[in-house]
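Here's model_29.cif, which has mmCIF, C-alpha atoms:
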```cif
data_run
loop_
_atom_site.label_atom_id
_atom_site.label_comp_id
_atom_site.auth_asym_id
_atom_site.auth_seq_id
_atom_site.Cartn_x
_atom_site.Cartn_y
_atom_site.Cartn_z
CA MET A 1 0.00 0.00 0.00
CA ARG A 2 1.34 3.41 -0.84
CA VAL A 3 0.67 6.31 1.46
CA ILE A 4 0.26 9.52 -0.47
CA SER A 5 0.01 12.62 1.63
CA LYS A 6 1.11 16.18 1.38
CA PHE A 7 4.00 15.49 3.70
CA LEU A 8 5.20 12.53 1.70
CA LEU A 9 5.06 14.46 -1.53
CA SER A 10 6.87 17.29 0.18
CA ALA A 11 9.49 14.85 1.36
CA VAL A 12 10.11 13.78 -2.23
CA THR A 13 10.55 17.40 -3.22
CA ALA A 14 12.86 17.85 -0.29
CA LEU A 15 14.98 14.94 -1.40
CA ALA A 16 15.38 16.44 -4.83
CA VAL A 17 16.40 19.77 -3.35
CA THR A 18 18.53 18.76 -0.42
CA GLY A 19 19.28 15.07 -0.93
CA PRO A 20 22.78 14.22 0.16
CA ALA A 21 25.72 14.00 -2.21
CA VAL A 22 27.94 10.97 -1.80
CA ALA A 23 30.13 12.94 0.56
CA ASP A 24 27.13 13.35 2.84
CA VAL A 25 26.30 9.68 3.10
CA GLU A 26 27.65 9.47 6.64
CA LYS A 27 25.42 12.33 7.69
CA THR A 28 22.44 10.59 6.12
CA ILE A 29 23.21 7.40 8.00
CA GLU A 30 23.61 9.34 11.25
CA HIS A 31 20.26 11.00 10.61
CA ARG A 32 18.60 7.69 9.84
CA GLN A 33 19.95 6.14 13.01
CA SER A 34 18.77 9.13 15.01
CA LEU A 35 15.25 8.73 13.66
CA TYR A 36 15.16 5.04 14.51
CA GLN A 37 16.55 5.80 17.95
CA VAL A 38 13.68 8.22 18.56
CA ILE A 39 11.22 5.61 17.34
CA ALA A 40 12.71 3.02 19.69
CA TRP A 41 12.54 5.42 22.64
CA ASN A 42 8.83 5.93 22.10
CA PHE A 43 8.19 2.30 21.16
CA GLY A 44 9.38 1.09 24.57
CA PRO A 45 6.52 2.36 26.73
CA LEU A 46 3.95 1.15 24.19
CA ARG A 47 5.48 -2.31 24.16
CA GLY A 48 5.53 -2.31 27.96
CA MET A 49 1.81 -1.53 28.02
CA ALA A 50 1.01 -4.06 25.32
CA GLN A 51 2.87 -6.74 27.27
CA GLY A 52 1.22 -5.74 30.54
CA LYS A 53 4.53 -4.77 32.11
CA ILE A 54 3.38 -1.15 32.48
CA ASP A 55 -0.14 -0.07 33.38
CA PHE A 56 -2.00 1.23 30.36
CA ASP A 57 -2.01 5.03 30.32
CA ALA A 58 -4.11 6.51 27.52
CA ASP A 59 -2.33 9.88 27.45
CA GLU A 60 1.06 8.23 27.44
CA ALA A 61 0.04 5.81 24.69
CA GLU A 62 -1.32 8.62 22.54
CA LEU A 63 1.82 10.70 23.05
CA ARG A 64 4.14 7.83 22.11
CA ALA A 65 2.06 6.74 19.14
CA THR A 66 1.86 10.30 17.82
CA ARG A 67 5.60 10.73 18.03
CA ILE A 68 6.27 7.47 16.23
CA ALA A 69 3.82 8.47 13.49
CA GLN A 70 5.53 11.85 13.12
CA ILE A 71 8.98 10.29 12.89
CA SER A 72 7.80 7.61 10.45
CA LEU A 73 7.10 10.34 7.90
CA MET A 74 10.68 11.58 8.20
CA LEU A 75 12.13 8.30 6.92
CA ASP A 76 11.56 9.02 3.24
CA GLU A 77 14.75 10.90 2.69
CA VAL A 78 17.16 8.71 4.62
CA TYR A 79 17.68 5.84 2.20
CA THR A 80 19.75 6.68 -0.84
CA ASP A 81 21.39 4.26 -3.23
CA SER A 82 24.73 5.85 -2.49
CA ASP A 83 24.36 4.24 0.90
CA THR A 84 25.03 0.66 -0.24
CA ALA A 85 27.89 -1.13 1.44
CA SER A 86 28.09 1.64 3.99
CA GLY A 87 28.77 -0.62 6.92
CA SER A 88 25.49 0.37 8.57
CA ASP A 89 22.85 -2.16 9.55
CA ALA A 90 20.96 -1.41 6.34
CA LYS A 91 21.35 -4.35 3.96
CA ASP A 92 22.15 -3.87 0.28
CA GLU A 93 18.95 -5.82 -0.37
CA ILE A 94 17.05 -2.59 0.32
CA TRP A 95 18.26 -1.10 -2.93
CA GLU A 96 18.14 -4.40 -4.79
CA ASN A 97 14.46 -4.81 -3.87
CA TRP A 98 13.51 -1.17 -3.66
CA ASP A 99 9.83 -1.57 -4.54
CA ASP A 100 9.35 -4.20 -1.86
CA PHE A 101 11.29 -2.15 0.69
CA GLU A 102 9.32 0.97 -0.14
CA MET A 103 6.06 -0.95 0.29
CA LYS A 104 7.17 -2.27 3.69
CA LEU A 105 8.19 1.22 4.78
CA ALA A 106 4.82 2.53 3.62
CA ASN A 107 3.11 -0.22 5.63
CA PHE A 108 4.92 0.98 8.74
CA LYS A 109 3.79 4.55 8.15
CA THR A 110 0.20 3.45 7.60
CA GLU A 111 0.06 1.33 10.75
CA ALA A 112 1.84 3.99 12.81
CA ALA A 113 -0.66 6.61 11.68
CA THR A 114 -3.50 4.23 12.52
CA LEU A 115 -2.00 3.57 15.94
CA ALA A 116 -1.92 7.30 16.66
CA THR A 117 -5.59 7.53 15.70
CA VAL A 118 -6.59 4.47 17.73
CA ALA A 119 -4.56 5.55 20.76
CA ALA A 120 -6.34 8.91 20.70
CA THR A 121 -9.62 7.11 21.42
CA GLY A 122 -8.24 5.88 24.74
CA ASP A 123 -9.35 2.31 24.06
CA ALA A 124 -6.72 0.14 25.72
CA ASP A 125 -7.50 -3.13 23.96
CA ALA A 126 -7.72 -1.55 20.52
CA THR A 127 -4.49 0.36 21.12
CA LYS A 128 -2.64 -2.77 22.19
CA ALA A 129 -3.95 -4.68 19.19
CA GLN A 130 -2.95 -1.92 16.79
CA PHE A 131 0.44 -1.66 18.46
CA GLY A 132 0.96 -5.33 17.62
CA LYS A 133 0.01 -4.67 14.03
CA MET A 134 2.45 -1.79 13.78
CA ALA A 135 5.20 -3.77 15.46
CA GLY A 136 4.63 -6.45 12.84
CA THR A 137 5.51 -3.97 10.11
CA CYS A 138 8.77 -3.16 11.91
CA LYS A 139 9.66 -6.85 12.06
CA ALA A 140 8.70 -7.46 8.43
CA CYS A 141 11.27 -4.91 7.31
CA HIS A 142 13.97 -5.85 9.82
CA ASP A 143 13.74 -9.53 8.88
CA ASP A 144 14.65 -8.79 5.28
CA TYR A 145 16.56 -5.56 5.33
CA LYS A 146 18.41 -5.05 8.63
CA ASP A 147 21.59 -6.80 9.72
CA MET B 1 6.90 32.29 28.48
CA ARG B 2 5.63 28.86 29.34
CA VAL B 3 4.02 26.74 26.71
CA ILE B 4 1.24 24.65 28.17
CA SER B 5 -0.31 22.19 25.79
CA LYS B 6 -1.76 18.76 25.96
CA PHE B 7 1.44 17.33 24.58
CA LEU B 8 3.60 19.06 27.15
CA LEU B 9 1.41 17.93 29.98
CA SER B 10 1.47 14.44 28.54
CA ALA B 11 5.23 14.63 28.38
CA VAL B 12 5.34 15.38 32.08
CA THR B 13 3.19 12.36 32.76
CA ALA B 14 5.42 10.33 30.50
CA LEU B 15 8.46 11.40 32.43
CA ALA B 16 6.90 10.27 35.66
CA VAL B 17 6.01 6.91 34.18
CA THR B 18 9.01 6.15 32.05
CA GLY B 19 11.68 8.62 33.12
CA PRO B 20 15.11 7.04 33.14
CA ALA B 21 16.77 5.65 36.22
CA VAL B 22 20.39 6.64 36.73
CA ALA B 23 21.42 3.52 34.87
CA ASP B 24 19.57 4.82 31.85
CA VAL B 25 21.30 8.19 31.72
CA GLU B 26 23.37 7.17 28.72
CA LYS B 27 20.23 6.22 26.84
CA THR B 28 18.69 9.56 27.69
CA ILE B 29 21.74 11.41 26.41
CA GLU B 30 21.72 9.33 23.22
CA HIS B 31 18.05 10.16 22.76
CA ARG B 32 18.67 13.86 23.38
CA GLN B 33 21.49 13.92 20.86
CA SER B 34 19.31 12.12 18.32
CA LEU B 35 16.60 14.75 18.70
CA TYR B 36 19.05 17.60 18.22
CA GLN B 37 20.55 15.81 15.23
CA VAL B 38 17.11 15.63 13.63
CA ILE B 39 16.58 19.32 14.38
CA ALA B 40 19.93 20.18 12.80
CA TRP B 41 19.12 18.13 9.70
CA ASN B 42 15.93 20.09 9.13
CA PHE B 43 17.46 23.40 10.22
CA GLY B 44 20.02 23.28 7.40
CA PRO B 45 17.72 23.85 4.41
CA LEU B 46 15.88 26.63 6.27
CA ARG B 47 19.15 28.38 7.05
CA GLY B 48 20.21 27.97 3.43
CA MET B 49 17.01 29.65 2.29
CA ALA B 50 17.26 32.39 4.90
CA GLN B 51 20.81 33.14 3.79
CA GLY B 52 19.87 33.05 0.10
CA LYS B 53 22.12 30.08 -0.59
CA ILE B 54 19.14 27.94 -1.59
CA ASP B 55 16.13 29.20 -3.51
CA PHE B 56 13.12 29.63 -1.26
CA ASP B 57 10.75 26.69 -1.59
CA ALA B 58 7.53 27.11 0.36
CA ASP B 59 6.73 23.40 0.59
CA GLU B 60 10.24 22.58 1.68
CA ALA B 61 10.24 25.36 4.27
CA GLU B 62 6.91 24.21 5.69
CA LEU B 63 8.08 20.62 5.85
CA ARG B 64 11.31 21.50 7.67
CA ALA B 65 9.63 23.92 10.05
CA THR B 66 6.91 21.41 10.91
CA ARG B 67 9.47 18.74 11.68
CA ILE B 68 11.49 21.04 13.92
CA ALA B 69 8.32 22.04 15.77
CA GLN B 70 7.38 18.39 16.26
CA ILE B 71 10.81 17.49 17.57
CA SER B 72 10.95 20.54 19.85
CA LEU B 73 8.04 19.10 21.83
CA MET B 74 9.98 15.89 22.39
CA LEU B 75 12.73 17.66 24.34
CA ASP B 76 10.87 17.81 27.64
CA GLU B 77 11.90 14.43 28.85
CA VAL B 78 15.56 14.45 27.87
CA TYR B 79 17.05 16.59 30.61
CA THR B 80 17.22 14.93 34.00
CA ASP B 81 19.27 16.03 36.97
CA SER B 82 20.94 12.64 37.03
CA ASP B 83 22.60 13.81 33.84
CA THR B 84 24.98 16.31 35.47
CA ALA B 85 28.66 15.77 34.83
CA SER B 86 27.81 13.23 32.17
CA GLY B 87 30.50 14.31 29.77
CA SER B 88 27.92 15.40 27.19
CA ASP B 89 27.82 18.92 25.78
CA ALA B 90 25.08 19.81 28.26
CA LYS B 91 26.54 22.09 30.93
CA ASP B 92 25.82 21.57 34.62
CA GLU B 93 24.47 25.12 34.58
CA ILE B 94 21.27 23.71 33.06
CA TRP B 95 20.35 22.12 36.35
CA GLU B 96 21.80 24.96 38.44
CA ASN B 97 19.59 27.47 36.58
CA TRP B 98 16.70 25.19 35.78
CA ASP B 99 13.99 27.87 35.64
CA ASP B 100 16.00 29.96 33.20
CA PHE B 101 16.86 26.92 31.09
CA GLU B 102 13.24 25.80 31.05
CA MET B 103 12.17 29.28 29.94
CA LYS B 104 14.73 29.28 27.11
CA LEU B 105 13.62 25.82 26.00
CA ALA B 106 10.01 27.01 26.06
CA ASN B 107 11.01 30.01 23.94
CA PHE B 108 12.46 27.67 21.34
CA LYS B 109 9.25 25.63 21.26
CA THR B 110 7.15 28.76 20.91
CA GLU B 111 9.21 30.20 18.06
CA ALA B 112 9.45 26.83 16.32
CA ALA B 113 5.67 26.43 16.46
CA THR B 114 5.28 29.96 15.12
CA LEU B 115 7.73 29.24 12.31
CA ALA B 116 5.69 26.20 11.28
CA THR B 117 2.58 28.39 11.17
CA VAL B 118 4.28 31.19 9.25
CA ALA B 119 5.94 28.80 6.79
CA ALA B 120 2.53 27.29 6.04
CA THR B 121 1.43 30.66 4.63
CA GLY B 122 4.11 30.43 1.94
CA ASP B 123 5.33 33.97 2.65
CA ALA B 124 9.07 33.87 1.99
CA ASP B 125 10.05 37.07 3.78
CA ALA B 126 7.96 36.32 6.86
CA THR B 127 9.32 32.77 6.97
CA LYS B 128 12.91 33.94 6.77
CA ALA B 129 12.32 36.54 9.47
CA GLN B 130 10.67 34.01 11.77
CA PHE B 131 13.46 31.54 11.07
CA GLY B 132 15.89 34.15 12.37
CA LYS B 133 13.80 34.58 15.49
CA MET B 134 13.73 30.84 16.12
CA ALA B 135 17.46 30.53 15.45
CA GLY B 136 17.97 33.23 18.07
CA THR B 137 16.33 31.01 20.68
CA CYS B 138 18.73 28.19 19.76
CA LYS B 139 21.69 30.49 20.24
CA ALA B 140 20.38 31.92 23.50
CA CYS B 141 20.37 28.46 25.02
CA HIS B 142 23.63 27.27 23.46
CA ASP B 143 25.48 30.37 24.66
CA ASP B 144 24.72 29.58 28.28
CA TYR B 145 24.14 25.87 28.44
CA LYS B 146 26.08 24.00 25.76
CA ASP B 147 29.80 23.28 25.72
#
```
Encoded form using structure tokens:
Amino acid sequence: MRVISKFLLSAVTALAVTGPAVADVEKTIEHRQSLYQVIAWNFGPLRGMAQGKIDFDADEAELRATRIAQISLMLDEVYTDSDTASGSDAKDEIWENWDDFEMKLANFKTEAATLATVAATGDADATKAQFGKMAGTCKACHDDYKD
Amino acid sequence: MRVISKFLLSAVTALAVTGPAVADVEKTIEHRQSLYQVIAWNFGPLRGMAQGKIDFDADEAELRATRIAQISLMLDEVYTDSDTASGSDAKDEIWENWDDFEMKLANFKTEAATLATVAATGDADATKAQFGKMAGTCKACHDDYKD
């Protein structure tokens, strides 16, 4: 599924304007890793709630889900084909199977956006279920494309 | 000026629930540095436009400003007093002058939010002027509180 939104289209424009030259590949990787770090930071409390290790807190869940959804939209510009064999955890298979990778990334964005919407309702069970669905899109990509 | 919003209040709750123990200070610093890295990444194109080194692009400016505003709200939970003398670029003076630091951080959030609003109008001159105002709040904090 492709997610078409103003922000995504803007991100494509942004890439054309400010996309990194080869010399900037390290900066791009650093940026990518920062984004995933921020996702992981916010993922933690949601996972804790989903696993019952932390009491469900609707405000907290909404906050974390919203932040993950915001960050997910920032991932468009952080994979460039000049990044192959960079020594990062990103496998070359990303660029060899770009359409599949792009679809999996789009799936993550879709499920993250849905999680933010569901979490905003305050429904604990629905939020936990949607968290699982979103987490599945993380795993689907990591299984194939992350060392 | 204090910025009170649902997100900020939620962030306070989040800190109470998931705030790092001393053992997690390194993770908090890593998270903080990731957030500032993402800000810097998006700051660059705006600065380029403000300085006339890049042609003004309204969509690009709005995108970058929105992302900085989103990230600015994530900074609430990344300064903890267990972080003093951590060896990061954050000076101990942050915690010694907490009220002043908190005010300067709030100023950044306010000006970043305003920049996102102004950039959405597509007005190049107003966007550049507001970018300068926001950049001033970065400098104000860095002058006193960053090595």
**Item:** Polymer residues at most 7 Å from Lys109 (chain B), only C-alpha atoms, same-chain spacing of 4 or more positions, as an NGL selection string
**Value:** :B and (69 or 72-73 or 105 or 113)
**Request:** State, in Å with one decimal place, the distance from CA of Gly122 (chain B) to CA of Arg32 (chain A).
**Result:**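 Computed distance, CA of Gly122 (chain B) to CA of Arg32 (chain A), equals 28.1 Å.
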**Message:** What's the separation between CA of Arg47 (chain A) and CA of Phe131 (chain A), in Å to one decimal place?
**Reply:**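 Taking CA of Arg47 (chain A) and CA of Phe131 (chain A), their separation equals 7.6 Å.
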**Target residues per the PyMOL selection byres ((chain A and resi 145) around 6), formatted as a ChimeraX atom specification** = /A:91,94,141-142,144,146
**Asked** Which value, in Å to one decimal, gives the distance between CA of Ile68 (chain A) and CA of Phe101 (chain B)?
**Response**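 Distance between the two atoms: 26.7 Å.
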**Asked** B:Ala61, B:Ala119, B:Ala90, B:Ala106: which is nearest chain A, counting all atoms listed in the file?
**Response** B:Ala61
**Complete:** Among A:Ser88, A:Thr121, A:Asn107, A:Gln130, Ile29 (chain A) is approached most closely, using only C-alpha atoms, by A:Ser88
**Asked** Thr137 (chain A): which residues within 7 Å, counting all atoms listed in the file, same-chain residues fewer than 2 positions away excluded, as a ChimeraX atom specification?
**Response** /A:104,107-108,133-135,139-141
**Request:** Just say which residues the PyMOL selection byres ((chain A and resi 41) around 12) picks in this file, as a PyMOL selection string.
**Result:** (chain A and resi 34-40+42-48+63-65+67-68+71) or (chain B and resi 14+18-20+24+27-32+34-35+74+77-78)
**Prompt:** Hey, which of B:Ala126, B:Ala58, B:Cys138, B:Ala112 ends up closest to chain A? Count only C-alpha atoms.
**Reply:**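 Counting only C-alpha atoms, the residue closest to chain A is B:Ala58.
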**Message:** Between B:Asp143, B:Glu26, B:Thr127, B:Glu93, which residue has the minimum interatomic distance to Met49 (chain B), considering all atoms listed in the file?
**Reply:**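 Between B:Asp143, B:Glu26, B:Thr127, B:Glu93, the residue approaching Met49 (chain B) most closely is B:Thr127.
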